[in-house]
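Student: You'll find work_16.cif just under this line, and it carries mmCIF, C-alpha atoms.
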```cif
data_target
loop_
_atom_site.label_atom_id
_atom_site.label_comp_id
_atom_site.auth_asym_id
_atom_site.auth_seq_id
_atom_site.Cartn_x
_atom_site.Cartn_y
_atom_site.Cartn_z
CA MET R 18 -62.77 66.16 15.23
CA LYS R 19 -65.30 63.52 14.09
CA ARG R 20 -65.48 65.10 10.67
CA LEU R 21 -61.69 64.97 10.41
CA LEU R 22 -61.65 61.29 11.42
CA GLY R 23 -64.34 60.50 8.85
CA LEU R 24 -62.33 62.34 6.21
CA VAL R 25 -59.26 60.30 7.05
CA ALA R 26 -61.19 57.00 6.95
CA LEU R 27 -62.73 57.88 3.56
CA THR R 28 -59.31 58.78 2.23
CA LEU R 29 -57.89 55.41 3.33
CA VAL R 30 -60.68 53.49 1.60
CA LEU R 31 -60.44 55.44 -1.66
CA LEU R 32 -56.67 55.10 -1.76
CA VAL R 33 -56.78 51.33 -1.29
CA VAL R 34 -59.59 50.89 -3.87
CA ASP R 35 -58.12 53.15 -6.57
CA PHE R 36 -54.39 52.60 -6.16
CA LYS R 37 -54.13 49.06 -4.72
CA VAL R 38 -50.61 48.56 -3.26
CA VAL R 39 -49.55 52.19 -3.72
CA GLY R 40 -52.79 53.30 -2.05
CA PHE R 41 -52.13 50.98 0.84
CA LEU R 42 -48.69 52.52 1.38
CA LEU R 43 -50.19 56.02 1.24
CA ALA R 44 -52.84 54.96 3.75
CA VAL R 45 -50.09 53.78 6.09
CA ILE R 46 -48.44 57.21 5.82
CA ILE R 47 -51.75 58.89 6.68
CA VAL R 48 -52.21 56.68 9.73
CA PHE R 49 -48.75 57.53 11.01
CA ALA R 50 -49.41 61.19 10.32
CA GLY R 51 -52.65 60.96 12.33
CA LEU R 52 -50.88 59.26 15.18
CA ALA R 53 -48.29 61.98 15.09
CA TYR R 54 -50.94 64.63 15.41
CA PHE R 55 -53.48 63.07 17.73
CA GLY R 56 -51.24 60.79 19.73
CA ASP R 57 -50.01 61.54 23.15
CA LYS R 58 -46.40 61.48 21.93
CA ARG R 59 -46.60 64.06 19.14
CA GLU R 60 -43.89 66.04 20.85
CA LEU R 61 -41.62 62.97 20.76
CA PHE R 62 -42.43 62.54 17.06
CA ALA R 63 -41.38 66.11 16.36
CA GLU R 64 -38.21 65.67 18.37
CA VAL R 65 -37.26 62.42 16.64
CA PHE R 66 -37.52 64.04 13.17
CA ASN R 67 -36.04 67.32 14.49
CA ILE R 68 -38.95 69.52 13.32
CA ASP R 69 -41.27 71.97 15.03
CA LYS R 70 -44.53 70.80 16.54
CA LYS R 71 -46.63 73.25 14.55
CA PRO R 72 -45.53 72.03 11.06
CA VAL R 73 -46.23 68.49 12.19
CA ARG R 74 -49.72 69.49 13.21
CA TYR R 75 -50.35 71.29 9.89
CA ALA R 76 -48.91 68.40 7.89
CA ALA R 77 -51.16 65.94 9.69
CA ILE R 78 -54.14 67.95 8.37
CA ALA R 79 -52.81 68.78 4.87
CA VAL R 80 -51.57 65.30 3.90
CA PRO R 81 -54.98 63.55 4.28
CA VAL R 82 -56.72 66.37 2.42
CA VAL R 83 -54.26 66.28 -0.50
CA LEU R 84 -54.32 62.48 -0.72
CA LEU R 85 -58.11 62.53 -0.55
CA MET R 86 -58.20 64.86 -3.54
CA VAL R 87 -55.74 62.60 -5.39
CA ALA R 88 -57.94 59.59 -4.61
CA ILE R 89 -61.09 61.36 -5.79
CA VAL R 90 -59.47 62.52 -9.04
CA GLY R 91 -58.04 59.02 -9.62
CA GLY R 92 -61.41 57.43 -8.97
CA ILE R 93 -63.14 59.78 -11.38
CA HIS R 94 -60.49 59.06 -14.04
CA ASN R 95 -60.70 55.29 -13.58
CA HIS R 96 -64.48 55.41 -13.75
CA ALA R 97 -64.35 57.42 -16.96
CA VAL R 98 -61.87 54.96 -18.53
CA ALA R 99 -63.99 51.98 -17.49
CA ALA R 100 -67.12 53.64 -18.86
CA HIS R 101 -65.38 54.36 -22.17
CA GLU R 102 -64.11 50.76 -22.51
CA ALA R 103 -67.58 49.42 -21.70
CA ALA R 104 -69.11 51.67 -24.36
CA VAL R 105 -66.55 50.52 -26.95
CA GLU R 106 -67.15 46.85 -26.10
CA GLN R 107 -70.91 47.38 -26.29
CA LYS R 108 -70.59 48.95 -29.74
CA ARG R 109 -68.37 46.08 -30.92
CA GLU R 110 -70.83 43.45 -29.70
CA ALA R 111 -73.69 45.37 -31.27
CA LYS R 112 -71.83 45.46 -34.61
CA GLN R 113 -71.09 41.71 -34.44
CA ALA R 114 -74.72 40.99 -33.70
CA ALA R 115 -75.80 43.22 -36.58
CA ASP R 116 -73.34 41.54 -38.97
CA LYS R 117 -74.51 38.09 -37.88
CA SER R 118 -78.14 39.09 -38.28
CA ALA R 119 -77.40 40.52 -41.73
CA LEU R 120 -75.64 37.31 -42.79
CA GLN R 121 -78.51 35.16 -41.56
CA ALA R 122 -80.96 37.34 -43.43
CA ILE R 123 -79.26 36.70 -46.77
CA LYS R 124 -81.17 33.99 -48.68
CA PHE R 125 -79.79 31.89 -51.55
CA SER R 126 -81.84 29.77 -53.95
CA ALA R 127 -80.93 27.64 -56.98
CA THR R 128 -82.22 24.56 -58.80
CA ASN R 129 -79.07 22.63 -57.87
CA MET R 130 -75.45 23.27 -56.95
CA VAL R 131 -74.00 21.87 -60.20
CA ALA R 132 -73.48 23.55 -63.57
CA LYS R 133 -72.37 21.98 -66.85
CA THR R 134 -70.23 23.37 -69.64
CA ASP R 135 -70.88 23.31 -73.35
CA ALA R 136 -68.53 21.74 -75.89
CA LYS R 137 -66.25 24.79 -75.75
CA GLY R 138 -65.97 24.78 -71.94
CA LYS R 139 -68.28 27.74 -71.28
CA PHE R 140 -71.00 27.66 -68.64
CA THR R 141 -73.82 29.72 -67.15
CA TYR R 142 -75.25 29.16 -63.67
CA ARG R 143 -78.39 31.00 -62.52
CA PHE R 144 -79.42 31.63 -58.92
CA THR R 145 -81.31 34.09 -56.74
CA ALA R 146 -80.05 35.95 -53.67
CA ASP R 147 -81.04 39.07 -51.76
CA ALA R 148 -77.44 40.13 -51.14
CA LYS R 149 -76.11 43.64 -51.79
CA GLN R 150 -72.80 42.42 -53.24
CA ILE R 151 -71.59 39.03 -54.45
CA ASP R 152 -67.96 38.00 -55.02
CA VAL R 153 -66.70 34.83 -56.70
CA ASP R 154 -63.43 32.91 -56.36
CA PHE R 155 -62.05 29.44 -57.12
CA THR R 156 -59.22 27.26 -55.80
CA GLN R 157 -58.49 25.21 -58.92
CA ALA R 158 -54.98 26.56 -59.47
CA GLU R 159 -53.16 29.38 -57.75
CA THR R 160 -51.16 30.16 -60.89
CA GLU R 161 -54.18 30.31 -63.21
CA ALA R 162 -56.42 33.34 -63.59
CA MET R 163 -60.11 32.81 -62.84
CA ASN R 164 -62.18 33.29 -65.99
CA ALA R 165 -65.56 33.73 -64.28
CA SER R 166 -67.78 36.56 -63.05
CA VAL R 167 -71.16 37.26 -61.45
CA LYS R 168 -73.66 39.72 -62.91
CA LYS R 169 -77.12 40.80 -61.79
CA VAL R 170 -79.86 40.05 -64.31
CA GLY R 171 -82.95 40.83 -62.21
CA HIS R 172 -84.16 42.23 -58.89
CA HIS R 173 -82.73 39.23 -57.00
CA SER R 174 -81.50 37.18 -59.98
CA TYR R 175 -77.85 36.58 -60.80
CA GLU R 176 -75.76 34.66 -63.33
CA LEU R 177 -72.36 33.08 -62.78
CA THR R 178 -70.67 32.76 -66.17
CA GLY R 179 -67.24 31.53 -67.06
CA ASP R 180 -64.94 29.42 -69.23
CA ILE R 181 -62.94 26.37 -68.00
CA ALA R 182 -61.61 25.24 -71.38
CA LYS R 183 -58.02 25.59 -70.12
CA PHE R 184 -58.71 22.95 -67.45
CA ALA R 185 -59.05 20.10 -69.96
CA LYS R 186 -57.51 17.59 -67.51
CA SER R 187 -60.02 18.36 -64.75
CA ASP R 188 -63.34 16.56 -64.43
CA ASP R 189 -64.85 19.58 -62.68
CA VAL R 190 -64.01 23.01 -61.25
CA SER R 191 -65.41 24.45 -58.01
CA TYR R 192 -66.36 28.10 -57.52
CA THR R 193 -67.20 29.84 -54.24
CA LEU R 194 -69.87 32.55 -54.11
CA TYR R 195 -69.42 35.03 -51.25
CA LEU R 196 -72.93 36.36 -50.76
CA ASP R 197 -71.95 39.14 -48.35
CA GLY R 198 -69.27 40.54 -50.63
CA GLU R 199 -66.59 39.95 -47.95
CA ARG R 200 -64.52 36.81 -48.37
CA LYS R 201 -63.60 36.72 -44.70
CA GLN R 202 -67.24 36.08 -43.76
CA GLU R 203 -68.89 32.66 -43.69
CA LYS R 204 -71.93 33.32 -45.87
CA LYS R 205 -70.88 31.45 -48.98
CA GLU R 206 -72.03 28.76 -51.41
CA THR R 207 -69.91 26.33 -53.46
CA ILE R 208 -70.86 25.64 -57.09
CA THR R 209 -69.37 22.68 -58.99
CA VAL R 210 -68.99 23.01 -62.77
CA GLU R 211 -68.80 19.69 -64.65
CA ASN R 212 -66.34 19.75 -67.53
CA LEU R 213 -68.16 18.47 -70.65
CA SER R 214 -65.91 20.25 -73.14
CA ASP R 215 -64.55 18.50 -76.21
CA ALA R 216 -61.01 19.05 -74.96
CA HIS R 217 -61.79 17.21 -71.70
CA LYS R 218 -63.58 14.38 -73.54
CA LYS R 219 -60.50 13.93 -75.74
CA PHE R 220 -58.26 13.90 -72.68
CA VAL R 221 -60.42 11.21 -71.03
CA ALA R 222 -60.48 9.13 -74.23
CA ASP R 223 -56.69 9.38 -74.62
CA ARG R 224 -56.24 8.42 -70.97
CA LYS R 225 -58.46 5.33 -71.38
CA ALA R 226 -56.67 4.33 -74.59
CA ALA R 227 -53.27 4.64 -72.91
CA ALA R 228 -54.47 2.54 -69.96
CA ALA R 229 -55.87 -0.13 -72.32
CA ALA R 230 -52.63 -0.22 -74.32
CA SER R 231 -50.59 -0.57 -71.15
CA ALA R 232 -52.81 -3.39 -69.91
CA SER R 233 -52.61 -5.17 -73.29
CA LYS R 234 -48.83 -4.87 -73.35
CA ALA R 235 -48.55 -6.25 -69.83
CA ALA R 236 -50.85 -9.17 -70.67
CA SER R 237 -48.85 -9.95 -73.84
CA GLU R 238 -45.54 -9.86 -71.97
CA SER R 239 -46.97 -12.08 -69.24
CA ALA R 240 -48.25 -14.61 -71.78
CA ALA R 241 -44.89 -14.67 -73.58
CA SER R 242 -43.07 -15.15 -70.29
CA GLU R 243 -45.39 -18.00 -69.29
CA SER R 244 -44.96 -19.68 -72.69
CA ALA R 245 -41.16 -19.45 -72.44
CA ARG R 246 -41.25 -20.84 -68.91
CA LYS R 247 -43.38 -23.82 -69.98
CA ALA R 248 -41.13 -24.52 -72.96
CA SER R 249 -38.05 -24.43 -70.74
CA SER R 250 -39.74 -26.74 -68.24
CA GLU R 251 -40.73 -29.24 -70.95
CA ALA R 252 -37.24 -29.23 -72.39
CA ARG R 253 -35.73 -29.86 -68.96
CA LYS R 254 -38.17 -32.68 -68.30
CA ALA R 255 -37.25 -34.28 -71.60
CA SER R 256 -33.58 -33.95 -70.79
CA ILE R 257 -34.09 -35.37 -67.32
CA ALA R 258 -36.21 -38.21 -68.71
CA ALA R 259 -33.45 -39.09 -71.18
CA SER R 260 -30.88 -38.95 -68.41
CA VAL R 261 -33.07 -41.09 -66.17
CA ALA R 262 -33.64 -43.57 -68.98
CA ALA R 263 -29.93 -43.77 -69.62
CA SER R 264 -29.27 -44.15 -65.93
CA SER R 265 -31.89 -46.90 -65.65
CA SER R 266 -30.43 -48.75 -68.61
CA GLN R 267 -26.97 -48.61 -67.15
CA ALA R 268 -28.25 -49.74 -63.79
CA ALA R 269 -30.07 -52.70 -65.34
CA ALA R 270 -26.91 -53.80 -67.12
CA ALA R 271 -24.75 -53.51 -64.06
CA SER R 272 -24.10 -56.56 -61.97
CA ALA R 273 -25.27 -56.95 -58.38
CA SER R 274 -21.78 -56.18 -57.13
CA SER R 275 -21.65 -53.06 -59.23
CA VAL R 276 -25.03 -51.93 -57.79
CA ALA R 277 -23.77 -52.48 -54.29
CA ALA R 278 -20.62 -50.52 -55.08
CA LYS R 279 -22.70 -47.66 -56.50
CA GLN R 280 -24.91 -47.59 -53.44
CA GLN R 281 -21.85 -47.56 -51.18
CA GLU R 282 -20.42 -44.67 -53.16
CA ALA R 283 -23.79 -42.91 -52.93
CA ASP R 284 -23.82 -43.37 -49.16
CA ASN R 285 -20.26 -42.03 -48.90
CA ASN R 286 -21.14 -38.99 -50.99
CA ALA R 287 -24.23 -38.35 -48.86
CA ALA R 288 -22.00 -38.37 -45.79
CA ASN R 289 -19.34 -36.13 -47.34
CA TYR R 290 -21.41 -33.63 -49.34
CA SER R 291 -23.37 -31.25 -47.15
CA TYR R 292 -26.56 -29.60 -48.35
CA ALA R 293 -24.75 -26.26 -48.44
CA MET R 294 -22.11 -27.72 -50.82
CA LEU R 295 -24.81 -29.00 -53.18
CA MET R 296 -26.56 -25.59 -53.10
CA LYS R 297 -23.30 -23.78 -53.85
CA SER R 298 -22.39 -25.31 -57.24
CA ASP R 299 -22.94 -28.12 -59.75
CA ASP R 300 -19.41 -29.55 -59.24
CA HIS R 301 -20.80 -32.94 -58.09
CA SER R 302 -23.24 -33.36 -60.98
CA GLY R 303 -23.20 -36.96 -62.30
CA GLU R 304 -22.05 -38.52 -59.00
CA PRO R 305 -24.08 -41.15 -57.08
CA TYR R 306 -26.05 -39.87 -54.09
CA HIS R 307 -28.37 -41.29 -51.44
CA LEU R 308 -30.97 -39.25 -49.62
CA THR R 309 -33.71 -39.86 -47.11
CA GLY R 310 -36.41 -37.43 -46.11
CA THR R 311 -40.05 -36.40 -46.26
CA VAL R 312 -41.89 -35.65 -49.50
CA PHE R 313 -42.82 -31.96 -49.47
CA GLN R 314 -44.48 -31.99 -52.92
CA ALA R 315 -45.25 -34.76 -55.42
CA ASP R 316 -46.27 -34.44 -59.11
CA SER R 317 -46.59 -37.00 -61.89
CA GLU R 318 -46.80 -36.46 -65.66
CA ASP R 319 -46.23 -38.79 -68.62
CA GLY R 320 -44.63 -41.54 -66.51
CA ILE R 321 -42.20 -39.15 -64.82
CA GLU R 322 -42.60 -38.32 -61.12
CA SER R 323 -41.26 -35.13 -59.60
CA LEU R 324 -40.60 -35.41 -55.86
CA LEU R 325 -39.54 -32.37 -53.83
CA VAL R 326 -37.94 -33.93 -50.72
CA ASP R 327 -37.13 -32.22 -47.40
CA ILE R 328 -33.99 -34.10 -46.29
CA ASP R 329 -33.69 -32.84 -42.72
CA GLY R 330 -37.06 -31.42 -41.69
CA ASP R 331 -35.63 -27.89 -41.91
CA ALA R 332 -36.87 -27.02 -45.41
CA ASP R 333 -33.60 -28.22 -47.07
CA LEU R 334 -35.24 -29.38 -50.32
CA VAL R 335 -33.91 -31.60 -53.14
CA GLU R 336 -35.72 -32.05 -56.47
CA VAL R 337 -35.80 -35.77 -57.52
CA MET R 338 -36.99 -36.75 -61.03
CA VAL R 339 -38.06 -40.41 -60.95
CA ASN R 340 -38.34 -42.47 -64.14
CA GLY R 341 -41.49 -44.49 -63.51
CA THR R 342 -44.14 -44.33 -60.84
CA THR R 343 -44.07 -44.85 -57.09
CA ASN R 344 -46.65 -44.71 -54.33
CA ALA R 345 -44.94 -41.68 -52.73
CA VAL R 346 -47.26 -38.78 -51.82
CA GLU R 347 -46.88 -35.62 -49.76
CA ASP R 348 -45.58 -36.31 -46.22
CA SER R 349 -44.30 -39.78 -47.26
CA THR R 350 -40.89 -40.80 -45.88
CA VAL R 351 -38.62 -41.98 -48.71
CA SER R 352 -35.15 -43.39 -49.26
CA ILE R 353 -33.76 -42.75 -52.76
CA TYR R 354 -30.58 -43.82 -54.56
CA GLY R 355 -29.78 -41.87 -57.71
CA LYS R 356 -27.39 -39.53 -59.45
CA LEU R 357 -26.86 -35.83 -58.85
CA THR R 358 -27.67 -33.38 -61.71
CA ASP R 359 -27.41 -29.62 -62.15
CA ARG R 360 -29.39 -27.55 -59.68
CA TYR R 361 -33.11 -27.06 -60.45
CA SER R 362 -35.10 -23.81 -60.40
CA TYR R 363 -38.89 -23.74 -60.05
CA ASP R 364 -41.70 -21.24 -59.48
CA THR R 365 -43.23 -21.11 -56.02
CA LYS R 366 -46.97 -20.96 -55.31
CA ILE R 367 -46.70 -17.37 -54.09
CA GLY R 368 -45.25 -16.10 -57.37
CA GLY R 369 -41.52 -16.30 -56.58
CA SER R 370 -38.80 -18.75 -57.62
CA ASN R 371 -36.46 -21.12 -55.82
CA THR R 372 -33.30 -23.06 -56.75
CA VAL R 373 -32.47 -26.40 -55.10
CA PRO R 374 -30.07 -29.37 -55.64
CA ALA R 375 -31.43 -32.04 -58.03
CA MET R 376 -30.93 -35.74 -58.79
CA VAL R 377 -32.45 -38.43 -61.02
CA ALA R 378 -33.42 -41.95 -59.98
CA SER R 379 -35.25 -45.00 -61.15
CA SER R 380 -38.55 -45.94 -59.51
CA ASP R 381 -36.87 -49.22 -58.47
CA ASP R 382 -34.42 -47.19 -56.36
CA VAL R 383 -37.18 -45.33 -54.44
CA THR R 384 -38.26 -46.90 -51.18
CA VAL R 385 -41.39 -45.52 -49.53
CA GLN R 386 -41.44 -46.25 -45.80
#
```
Can the structure in the file be given as structure tokens, please?
Tutor:
Amino acid sequence: MKRLLGLVALTLVLLVVDFKVVGFLLAVIIVFAGLAYFGDKRELFAEVFNIDKKPVRYAAIAVPVVLLMVAIVGGIHNHAVAAHEAAVEQKREAKQAADKSALQAIKFSATNMVAKTDAKGKFTYRFTADAKQIDVDFTQAETEAMNASVKKVGHHSYELTGDIAKFAKSDDVSYTLYLDGERKQEKKETITVENLSDAHKKFVADRKAAAAASASKAASESAASESARKASSEARKASIAASVAASSSQAAAASASSVAAKQQEADNNAANYSYAMLMKSDDHSGEPYHLTGTVFQADSEDGIESLLVDIDGDADLVEVMVNGTTNAVEDSTVSIYGKLTDRYSYDTKIGGSNTVPAMVASSDDVTVQ
């Protein structure tokens, strides 16, 4: 009896260990079978399932034995599979270690990592390595064939030879030496070949000449543009000076009543003509105008003053050419009576241009407050 109980217990353990959930369910069946056989109610069990007592008793012995054999066979199989997988993993790790050791054992030696071509684009690079096989590759152009190869010239001596004449536009070409003969491995060295061929030197010279010609053309165009701008500015100043002179002469000849009438007309125009109207067109050129504001910029040349006046503190600027000199400077508040002219365009300090309304005036009509 004790042996049978031990057999049942061992069966339960092996089933649970080898078959997990399925083993647990089988163990439950065994327990119920044992209860059916050894329990006080085995007759009731037989009656419930409508079977004889003797088959129940035999089944209670046979089921644990069969399941025990299944558990043992399963355990042996699982152990064999685990042992096989462990052996395979051990071999793989051993091979990786051997490959790594072999890679580390490979030694490479060279005077430097740079080679130079001759005038025709050919090169020879010498190095030593104790590798069994050496491959070479480059990444200069996927569509171009690599004209280079490695050959053994001594016990551990090698030469990398090639021709990069077709890469006339490249300053250099890089080659990769795979010292283990397998490009997927990491044991590699990169060699840079400087292009000293005549074709590359010609390309560099042509490139420099083209850059110099482009720079010279740009400088010439800039100088011509600056000269034209200055000429236009001088011509405008002369025209404005003549207009101012004529305006001053007419003003001097006018009577006091006429001056007062002109100033009244200028005040009326200042009230009726908005800054936006003056910016829009030159329709009011030649009409009297009165402005007050702050000097944003002041210049003087050859007896002519140029005052750029902000009339409302909101960067609404008017260019005033004054015949004569005044004591107006930047940030001065001025009151000016004059005559509107065509709009004026000027270059800004940051390299742009700006167009503003313009007027001419005599220095006698400029009041600096």
Student: Would you compute the distance between atom CA of Asn340 of chain R and atom CA of Ser250 of chain R? Give it in Å to one decimal.
Tutor: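 We find that atom CA of Asn340 of chain R and atom CA of Ser250 of chain R lie 16.3 Å from each other.
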Student: So which residues touch segment 291-294 of chain R within 10 Å, counting all atoms listed in the file, skipping near sequence neighbours fewer than 6 positions away, as a PyMOL selection string?
Tutor: chain R and resi 300-301+328-329+333-335+373-374
Student: For Asn371 of chain R, please output as a VMD selection string all residues within 9 Å (counting only C-alpha atoms; exclusion window: fewer than 6 positions along the same chain).
Tutor: chain R and resid 361 to 365
Student: Which one is closest to Val339 of chain R: R:Ser352, R:Asp299, R:Asp327, R:Ile257? Count only C-alpha atoms.
Tutor: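 Among the listed residues, the smallest separation from Val339 of chain R belongs to R:Ile257.
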Student: Check which residues satisfy the PyMOL selection byres ((chain R and resi 258) around 10) in the file shown, then give them as a list in words.
Tutor: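 Residues picked by the PyMOL selection byres ((chain R and resi 258) around 10): Ala252, Arg253, Lys254, Ala255, Ser256, Ile257, Ala259, Ser260, Val261, Ala262, Ala263, Ser264, Gly320, Ile321, Glu322, Met338, Val339, Asn340, Gly341, Val377 and Ala378 of chain R.
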Student: My list of candidates is R:Lys139, R:Arg360, R:Lys149, R:Lys234. Which is closest to Asp215 of chain R when distances are computed with only C-alpha atoms?
Tutor: R:Lys139
Student: Hey, what's within 12 Å of Asn289 of chain R if we count all atoms listed in the file and toss same-chain stuff fewer than 4 positions away? As a list in words, please?
Tutor: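 My list of contacting residues is Glu282, Ala283, Asp284, Asn285, Ala293, Met294, Leu295, His301, Pro305, Tyr306 and His307 of chain R.
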Student: Expand the PyMOL selection byres ((chain R and resi 178) around 10) into the individual residues it matches in the shown file, reporting them as a list in words.
Tutor: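 Applying the PyMOL selection byres ((chain R and resi 178) around 10) to the structure shown produces Ala132, Lys139, Phe140, Thr141, Tyr142, Arg143, Asn164, Ala165, Ser166, Val167, Lys168, Tyr175, Glu176, Leu177, Gly179 and Asp180 of chain R.
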Student: One number please: atom CA of Val383 of chain R to atom CA of Lys279 of chain R, in Å, one decimal.
Tutor: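 Interatomic distance here is 14.8 Å.
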Student: Quote the spacing between atom CA of Asp188 of chain R and atom CA of Glu211 of chain R in Å to one decimal place.
Tutor: 6.3 Å
Student: Do you know which residues are at most 12 Å from Lys218 of chain R counting all atoms listed in the file, after dropping those on the same chain fewer than 2 positions away, and could you put them as a ChimeraX atom specification?
Tutor: /R:134-138,182,184-188,211-216,220-225
Student: Selected by the PyMOL selection byres ((chain R and resi 316) around 10) in the shown coordinates: which residues, as a PyMOL selection string?
Tutor: chain R and resi 314-315+317-318+321-325+338+345-347
Student: Mind checking which residues fall within 12 Å of Val385 of chain R, counting only C-alpha atoms, ignoring those fewer than 3 positions away in the same chain, and posting them as a list in words?
Tutor: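 Listed by chain and then number, they are Thr309, Gly310, Thr311, Val312, Leu324, Thr342, Thr343, Asn344, Ala345, Val346, Glu347, Asp348, Ser349, Thr350, Val351, Ser352, Ile353, Ser380, Asp381 and Asp382 of chain R.
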Student: Which residue is closest to Tyr195 of chain R? Choose from R:Ala162, R:Ala287, R:Asp152, R:Gly368 and count all atoms listed in the file.
Tutor: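 The answer is R:Asp152, which sits nearest to Tyr195 of chain R.
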